[in-house]
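Asker: File start_13.cif below, mmCIF, C-alpha atoms:
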```cif
data_data
#
loop_
_atom_site.label_atom_id
_atom_site.label_comp_id
_atom_site.auth_asym_id
_atom_site.auth_seq_id
_atom_site.Cartn_x
_atom_site.Cartn_y
_atom_site.Cartn_z
CA MET A 1 -51.44 66.16 -6.22
CA SER A 2 -48.42 64.00 -6.53
CA GLU A 3 -45.34 64.40 -4.52
CA ALA A 4 -42.17 65.13 -6.33
CA ALA A 5 -39.09 63.14 -5.56
CA PRO A 6 -36.76 65.00 -3.27
CA ALA A 7 -34.05 66.67 -5.12
CA THR A 8 -30.55 65.64 -4.32
CA ASP A 9 -27.61 67.78 -4.68
CA ARG A 10 -25.30 66.03 -7.12
CA SER A 11 -22.33 67.86 -5.79
CA GLU A 12 -22.87 66.19 -2.41
CA THR A 13 -22.57 62.64 -3.81
CA ALA A 14 -19.81 63.58 -6.19
CA ASP A 15 -17.66 64.87 -3.35
CA ARG A 16 -18.04 61.67 -1.32
CA PRO A 17 -15.21 59.24 -2.07
CA ASP A 18 -16.07 55.67 -3.07
CA LEU A 19 -15.80 53.23 -0.14
CA GLY A 20 -13.44 51.04 -2.16
CA ASP A 21 -11.09 53.93 -2.57
CA ARG A 22 -11.42 54.92 1.04
CA TYR A 23 -10.70 51.47 2.56
CA GLY A 24 -8.45 50.02 -0.11
CA ALA A 25 -10.77 47.37 -1.54
CA ARG A 26 -8.99 44.34 -2.93
CA SER A 27 -9.67 42.71 -6.21
CA ARG A 28 -11.27 39.31 -5.70
CA ARG A 29 -10.14 38.09 -9.06
CA THR A 30 -8.11 34.85 -8.90
CA PRO A 31 -4.81 34.86 -10.77
CA ARG A 32 -4.93 32.89 -14.01
CA TRP A 33 -2.08 30.56 -13.05
CA ILE A 34 -3.83 29.11 -9.96
CA LEU A 35 -6.22 26.74 -11.79
CA PRO A 36 -3.60 25.10 -14.05
CA VAL A 37 -1.14 24.69 -11.16
CA LEU A 38 -3.78 23.13 -8.91
CA SER A 39 -4.93 20.84 -11.74
CA VAL A 40 -1.41 19.59 -12.39
CA GLY A 41 -0.88 19.10 -8.66
CA VAL A 42 -4.04 17.01 -8.33
CA VAL A 43 -3.06 14.85 -11.32
CA VAL A 44 0.47 14.28 -9.98
CA LEU A 45 -0.87 13.41 -6.53
CA GLY A 46 -3.34 10.97 -8.10
CA LEU A 47 -0.55 9.27 -10.06
CA ILE A 48 1.59 8.93 -6.93
CA ILE A 49 -1.31 7.37 -4.99
CA ALA A 50 -2.04 4.97 -7.87
CA TYR A 51 1.63 3.89 -8.07
CA VAL A 52 1.93 3.30 -4.32
CA GLY A 53 -1.34 1.35 -4.31
CA TYR A 54 -0.19 -0.80 -7.22
CA LYS A 55 3.16 -1.56 -5.59
CA ASN A 56 1.57 -2.46 -2.25
CA LEU A 57 -1.63 -4.14 -3.36
CA GLY A 58 -0.90 -5.21 -6.92
CA PRO A 59 0.44 -8.53 -8.13
CA LYS A 60 3.50 -9.83 -6.32
CA ASP A 61 6.57 -11.45 -7.88
CA ILE A 62 6.41 -14.28 -5.31
CA ASP A 63 3.00 -15.25 -3.93
CA PRO A 64 2.77 -18.03 -1.30
CA GLU A 65 -0.47 -19.80 -0.39
CA GLN A 66 -1.00 -22.08 2.61
CA LEU A 67 -2.72 -25.32 1.53
CA GLY A 68 -2.78 -27.10 4.86
CA TYR A 69 -0.73 -28.62 7.68
CA THR A 70 -0.45 -31.78 9.74
CA VAL A 71 0.63 -31.84 13.37
CA VAL A 72 3.03 -34.81 13.44
CA ASN A 73 3.87 -34.85 17.16
CA ASP A 74 4.54 -32.52 20.12
CA SER A 75 7.51 -30.89 18.41
CA THR A 76 6.83 -31.18 14.67
CA VAL A 77 4.36 -29.89 12.13
CA GLN A 78 4.29 -30.57 8.40
CA ALA A 79 3.35 -27.50 6.34
CA HIS A 80 1.79 -27.85 2.89
CA PHE A 81 1.92 -24.76 0.68
CA LYS A 82 2.38 -23.57 -2.88
CA VAL A 83 4.45 -20.73 -4.27
CA THR A 84 3.64 -18.90 -7.50
CA ARG A 85 6.50 -16.91 -9.02
CA ALA A 86 6.55 -14.38 -11.83
CA HIS A 87 10.09 -15.58 -12.67
CA PRO A 88 10.15 -19.34 -11.98
CA LEU A 89 13.74 -19.74 -13.19
CA ARG A 90 14.92 -17.67 -10.22
CA PRO A 91 15.17 -19.34 -6.79
CA ALA A 92 13.21 -18.02 -3.84
CA VAL A 93 13.15 -18.50 -0.09
CA CYS A 94 10.01 -18.85 2.04
CA PHE A 95 9.71 -18.52 5.80
CA VAL A 96 7.42 -21.16 7.28
CA ARG A 97 6.55 -21.09 10.95
CA ALA A 98 4.93 -23.38 13.49
CA MET A 99 2.43 -21.76 15.83
CA ASP A 100 0.94 -22.76 19.16
CA LYS A 101 -2.77 -22.66 19.98
CA ASP A 102 -2.55 -18.96 20.92
CA GLY A 103 -0.96 -18.05 17.57
CA GLY A 104 2.52 -17.53 18.98
CA GLU A 105 5.50 -18.67 16.93
CA VAL A 106 7.13 -21.79 18.38
CA GLY A 107 9.24 -22.79 15.39
CA ARG A 108 10.52 -21.42 12.10
CA ARG A 109 12.17 -22.75 8.99
CA GLU A 110 13.57 -21.08 5.90
CA VAL A 111 12.83 -23.13 2.80
CA LEU A 112 14.71 -22.79 -0.49
CA ILE A 113 12.39 -22.90 -3.48
CA PRO A 114 14.63 -24.02 -6.35
CA PRO A 115 14.28 -22.77 -9.90
CA SER A 116 11.73 -24.63 -12.00
CA THR A 117 10.01 -24.50 -15.35
CA SER A 118 6.60 -24.22 -13.70
CA GLY A 119 5.36 -20.90 -12.33
CA THR A 120 3.73 -22.66 -9.36
CA VAL A 121 5.52 -25.12 -7.08
CA GLU A 122 3.83 -27.16 -4.33
CA MET A 123 5.87 -28.07 -1.24
CA LYS A 124 5.56 -30.03 1.99
CA VAL A 125 8.14 -29.27 4.68
CA ILE A 126 8.73 -30.29 8.28
CA VAL A 127 9.04 -27.50 10.86
CA ARG A 128 10.46 -28.35 14.29
CA SER A 129 9.11 -26.48 17.29
CA VAL A 130 10.00 -25.83 20.93
CA ALA A 131 6.41 -26.44 22.10
CA ARG A 132 3.41 -28.37 20.79
CA PRO A 133 2.43 -26.79 17.47
CA SER A 134 -1.20 -26.46 16.52
CA ALA A 135 -0.82 -24.86 13.08
CA SER A 136 1.65 -23.69 10.48
CA ASP A 137 1.84 -20.55 8.39
CA VAL A 138 3.85 -19.27 5.44
CA TYR A 139 5.10 -15.99 6.89
CA GLY A 140 6.43 -14.68 3.59
CA CYS A 141 8.75 -15.27 0.65
CA SER A 142 11.64 -13.38 -0.90
CA ALA A 143 13.87 -13.48 -3.94
CA VAL A 144 16.89 -12.57 -1.77
CA ILE A 145 18.48 -15.91 -0.89
CA PRO A 146 20.65 -16.00 2.26
CA PRO A 147 24.20 -17.25 1.59
CA TYR A 148 23.77 -20.35 3.79
CA LEU A 149 20.83 -21.54 1.64
CA ARG A 150 22.59 -21.09 -1.71
CA ALA A 151 23.82 -24.17 -3.46
CA GLY A 152 27.63 -24.42 -3.54
#
```
Show this structure as structure tokens.
Answerer:
Amino acid sequence: MSEAAPATDRSETADRPDLGDRYGARSRRTPRWILPVLSVGVVVLGLIIAYVGYKNLGPKDIDPEQLGYTVVNDSTVQAHFKVTRAHPLRPAVCFVRAMDKDGGEVGRREVLIPPSTSGTVEMKVIVRSVARPSASDVYGCSAVIPPYLRAG
């Protein structure tokens, strides 16, 4: 003989409140505005990162390149470098330094790069030092010319 399933009293389960009602269950549904707002935020953040990267790592208006140097004597080095400018008709200034064997700066010179028709200008300049130089370096260049370097 087969066993019959135990009978349940439907009134017993109908009287029991749902657990969600009892404990205040929350809806796990995400509001519709979250996804578009997050998407726009990610795109804006990506654009900001791309802009900052381009400004810091992209092409520069004035780009110096060290070509070599010659130690002339115990207090002089001749630096050989080239400067490439996006706007060659505008003057520029470059900071060239003499360095000792440990890499410390022992001399510095500001060099005016005059306007030219060529985008790239090659220069050789003498830098005086307070100790024996062992190298030279183009520290950087700028389009902001100090008043004492400007021509009359």
Asker: Which residues are close to Arg109 (chain A), i.e. within 8 Å by all atoms listed in the file, leaving aside same-chain residues fewer than 3 positions away? Reply as a list of chain:residue names.
Answerer: A:Phe95, A:Val96, A:Arg97, A:Val127, A:Arg128
Asker: Between A:Val77, A:Val106, A:Val121, A:Leu35, which has the minimum distance to Leu89 (chain A) (counting all atoms listed in the file)?
Answerer: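 Of the candidates, the smallest distance to Leu89 (chain A) is held by A:Val121.
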Asker: Quick one, how far is CA of Pro146 (chain A) from CA of Ile113 (chain A)?
Answerer: 12.2 Å
Asker: Go through A:Pro115, A:Pro36, A:Gly104, A:Pro133 one by one, measure the shortest atom-to-atom distance of each to Ser75 (chain A) using all atoms listed in the file, and give the residue with the smallest value.
Answerer: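 Closest candidate: A:Pro133.
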Asker: Near region 58-73 of chain A, within 10 Å and counting all atoms listed in the file, which residues show up once chain neighbours fewer than 5 positions away are dropped, as a PyMOL selection string?
Answerer: chain A and resi 51-53+78-88+92-96+98+119-129+132-143
Asker: With 8 Å on each side, where is the centre of the axis-aligned box around all listed atoms of region 95-114 of chain A, and how long are its edges in Å to one decimal, as JSON?
Answerer:
```
{"center_x": 6.0, "center_y": -20.8, "center_z": 7.3, "size_x": 33.5, "size_y": 22.5, "size_z": 43.3}
```
Asker: Have a look at CA of Ile49 (chain A) and CA of Ile34 (chain A) and let me know their distance in Å, one decimal.
Answerer: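 Interatomic distance, CA of Ile49 (chain A) to CA of Ile34 (chain A): 22.4 Å.
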Asker: Could you tell me how far CA of Ala131 (chain A) sits from CA of Leu149 (chain A), in Å to one decimal place?
Answerer: 25.5 Å
Asker: Put region 26-119 of chain A into a file with C-alpha atoms, as a PDB file, in the first residue's frame.
Answerer:
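Written output follows (out_33.pdb):
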```pdb
ATOM      1  CA  ARG A  26      14.480  45.594   0.526  1.00  0.00           C
ATOM      2  CA  SER A  27      14.220  45.633  -3.191  1.00  0.00           C
ATOM      3  CA  ARG A  28      17.558  44.765  -4.765  1.00  0.00           C
ATOM      4  CA  ARG A  29      16.670  46.472  -7.985  1.00  0.00           C
ATOM      5  CA  THR A  30      19.217  49.133  -9.043  1.00  0.00           C
ATOM      6  CA  PRO A  31      17.788  52.530  -9.951  1.00  0.00           C
ATOM      7  CA  ARG A  32      17.766  53.172 -13.693  1.00  0.00           C
ATOM      8  CA  TRP A  33      19.854  56.348 -13.461  1.00  0.00           C
ATOM      9  CA  ILE A  34      22.926  54.640 -11.919  1.00  0.00           C
ATOM     10  CA  LEU A  35      24.274  53.029 -15.111  1.00  0.00           C
ATOM     11  CA  PRO A  36      24.124  56.165 -17.313  1.00  0.00           C
ATOM     12  CA  VAL A  37      25.658  58.342 -14.580  1.00  0.00           C
ATOM     13  CA  LEU A  38      28.504  55.886 -13.978  1.00  0.00           C
ATOM     14  CA  SER A  39      29.098  55.557 -17.736  1.00  0.00           C
ATOM     15  CA  VAL A  40      29.342  59.316 -18.195  1.00  0.00           C
ATOM     16  CA  GLY A  41      31.638  59.546 -15.174  1.00  0.00           C
ATOM     17  CA  VAL A  42      33.989  56.894 -16.572  1.00  0.00           C
ATOM     18  CA  VAL A  43      34.102  58.630 -19.969  1.00  0.00           C
ATOM     19  CA  VAL A  44      34.824  62.041 -18.408  1.00  0.00           C
ATOM     20  CA  LEU A  45      37.539  60.569 -16.188  1.00  0.00           C
ATOM     21  CA  GLY A  46      39.100  58.865 -19.224  1.00  0.00           C
ATOM     22  CA  LEU A  47      39.128  62.141 -21.159  1.00  0.00           C
ATOM     23  CA  ILE A  48      40.777  63.969 -18.252  1.00  0.00           C
ATOM     24  CA  ILE A  49      43.482  61.297 -17.965  1.00  0.00           C
ATOM     25  CA  ALA A  50      44.096  61.409 -21.731  1.00  0.00           C
ATOM     26  CA  TYR A  51      44.415  65.220 -21.699  1.00  0.00           C
ATOM     27  CA  VAL A  52      46.839  65.254 -18.760  1.00  0.00           C
ATOM     28  CA  GLY A  53      48.912  62.505 -20.378  1.00  0.00           C
ATOM     29  CA  TYR A  54      49.047  64.383 -23.674  1.00  0.00           C
ATOM     30  CA  LYS A  55      50.099  67.638 -21.995  1.00  0.00           C
ATOM     31  CA  ASN A  56      52.813  65.939 -19.929  1.00  0.00           C
ATOM     32  CA  LEU A  57      54.069  63.308 -22.347  1.00  0.00           C
ATOM     33  CA  GLY A  58      53.006  64.622 -25.743  1.00  0.00           C
ATOM     34  CA  PRO A  59      54.993  66.776 -28.137  1.00  0.00           C
ATOM     35  CA  LYS A  60      56.628  69.839 -26.630  1.00  0.00           C
ATOM     36  CA  ASP A  61      56.772  73.330 -28.137  1.00  0.00           C
ATOM     37  CA  ILE A  62      60.515  73.517 -27.397  1.00  0.00           C
ATOM     38  CA  ASP A  63      62.504  70.282 -27.401  1.00  0.00           C
ATOM     39  CA  PRO A  64      66.259  70.387 -26.594  1.00  0.00           C
ATOM     40  CA  GLU A  65      68.650  67.536 -27.355  1.00  0.00           C
ATOM     41  CA  GLN A  66      72.213  67.203 -26.051  1.00  0.00           C
ATOM     42  CA  LEU A  67      74.592  66.348 -28.918  1.00  0.00           C
ATOM     43  CA  GLY A  68      77.848  66.325 -26.989  1.00  0.00           C
ATOM     44  CA  TYR A  69      80.331  68.351 -24.955  1.00  0.00           C
ATOM     45  CA  THR A  70      84.031  69.101 -24.715  1.00  0.00           C
ATOM     46  CA  VAL A  71      85.845  69.787 -21.454  1.00  0.00           C
ATOM     47  CA  VAL A  72      88.059  72.747 -22.391  1.00  0.00           C
ATOM     48  CA  ASN A  73      89.932  73.189 -19.087  1.00  0.00           C
ATOM     49  CA  ASP A  74      89.437  73.022 -15.308  1.00  0.00           C
ATOM     50  CA  SER A  75      86.778  75.734 -15.339  1.00  0.00           C
ATOM     51  CA  THR A  76      85.154  75.521 -18.786  1.00  0.00           C
ATOM     52  CA  VAL A  77      83.061  73.105 -20.790  1.00  0.00           C
ATOM     53  CA  GLN A  78      81.681  73.580 -24.297  1.00  0.00           C
ATOM     54  CA  ALA A  79      78.148  72.215 -24.710  1.00  0.00           C
ATOM     55  CA  HIS A  80      76.845  71.135 -28.108  1.00  0.00           C
ATOM     56  CA  PHE A  81      73.068  70.813 -28.424  1.00  0.00           C
ATOM     57  CA  LYS A  82      70.133  71.377 -30.751  1.00  0.00           C
ATOM     58  CA  VAL A  83      66.747  72.906 -30.103  1.00  0.00           C
ATOM     59  CA  THR A  84      63.624  72.062 -32.089  1.00  0.00           C
ATOM     60  CA  ARG A  85      60.769  74.560 -31.817  1.00  0.00           C
ATOM     61  CA  ALA A  86      57.163  74.355 -32.932  1.00  0.00           C
ATOM     62  CA  HIS A  87      57.268  78.140 -33.522  1.00  0.00           C
ATOM     63  CA  PRO A  88      60.787  78.938 -34.785  1.00  0.00           C
ATOM     64  CA  LEU A  89      60.011  82.639 -35.288  1.00  0.00           C
ATOM     65  CA  ARG A  90      59.670  83.031 -31.512  1.00  0.00           C
ATOM     66  CA  PRO A  91      62.837  83.276 -29.393  1.00  0.00           C
ATOM     67  CA  ALA A  92      63.536  80.784 -26.639  1.00  0.00           C
ATOM     68  CA  VAL A  93      65.916  80.438 -23.716  1.00  0.00           C
ATOM     69  CA  CYS A  94      67.738  77.244 -22.722  1.00  0.00           C
ATOM     70  CA  PHE A  95      69.465  76.489 -19.438  1.00  0.00           C
ATOM     71  CA  VAL A  96      72.771  74.689 -19.952  1.00  0.00           C
ATOM     72  CA  ARG A  97      74.748  73.450 -16.993  1.00  0.00           C
ATOM     73  CA  ALA A  98      78.217  72.106 -16.306  1.00  0.00           C
ATOM     74  CA  MET A  99      78.412  69.082 -14.031  1.00  0.00           C
ATOM     75  CA  ASP A 100      81.193  67.507 -12.010  1.00  0.00           C
ATOM     76  CA  LYS A 101      82.034  63.798 -12.013  1.00  0.00           C
ATOM     77  CA  ASP A 102      79.387  63.117  -9.341  1.00  0.00           C
ATOM     78  CA  GLY A 103      76.655  64.805 -11.402  1.00  0.00           C
ATOM     79  CA  GLY A 104      76.490  67.930  -9.255  1.00  0.00           C
ATOM     80  CA  GLU A 105      75.982  71.278 -10.947  1.00  0.00           C
ATOM     81  CA  VAL A 106      79.150  73.385 -10.941  1.00  0.00           C
ATOM     82  CA  GLY A 107      78.148  75.964 -13.541  1.00  0.00           C
ATOM     83  CA  ARG A 108      75.098  77.252 -15.385  1.00  0.00           C
ATOM     84  CA  ARG A 109      74.375  79.463 -18.336  1.00  0.00           C
ATOM     85  CA  GLU A 110      71.165  80.780 -19.844  1.00  0.00           C
ATOM     86  CA  VAL A 111      71.361  80.829 -23.631  1.00  0.00           C
ATOM     87  CA  LEU A 112      69.105  82.923 -25.861  1.00  0.00           C
ATOM     88  CA  ILE A 113      67.941  81.003 -28.913  1.00  0.00           C
ATOM     89  CA  PRO A 114      67.083  83.723 -31.439  1.00  0.00           C
ATOM     90  CA  PRO A 115      64.208  83.482 -33.896  1.00  0.00           C
ATOM     91  CA  SER A 116      65.014  81.629 -37.104  1.00  0.00           C
ATOM     92  CA  THR A 117      63.374  80.278 -40.219  1.00  0.00           C
ATOM     93  CA  SER A 118      64.463  76.733 -39.369  1.00  0.00           C
ATOM     94  CA  GLY A 119      62.544  74.667 -36.820  1.00  0.00           C
TER      95      GLY A 119
END
```
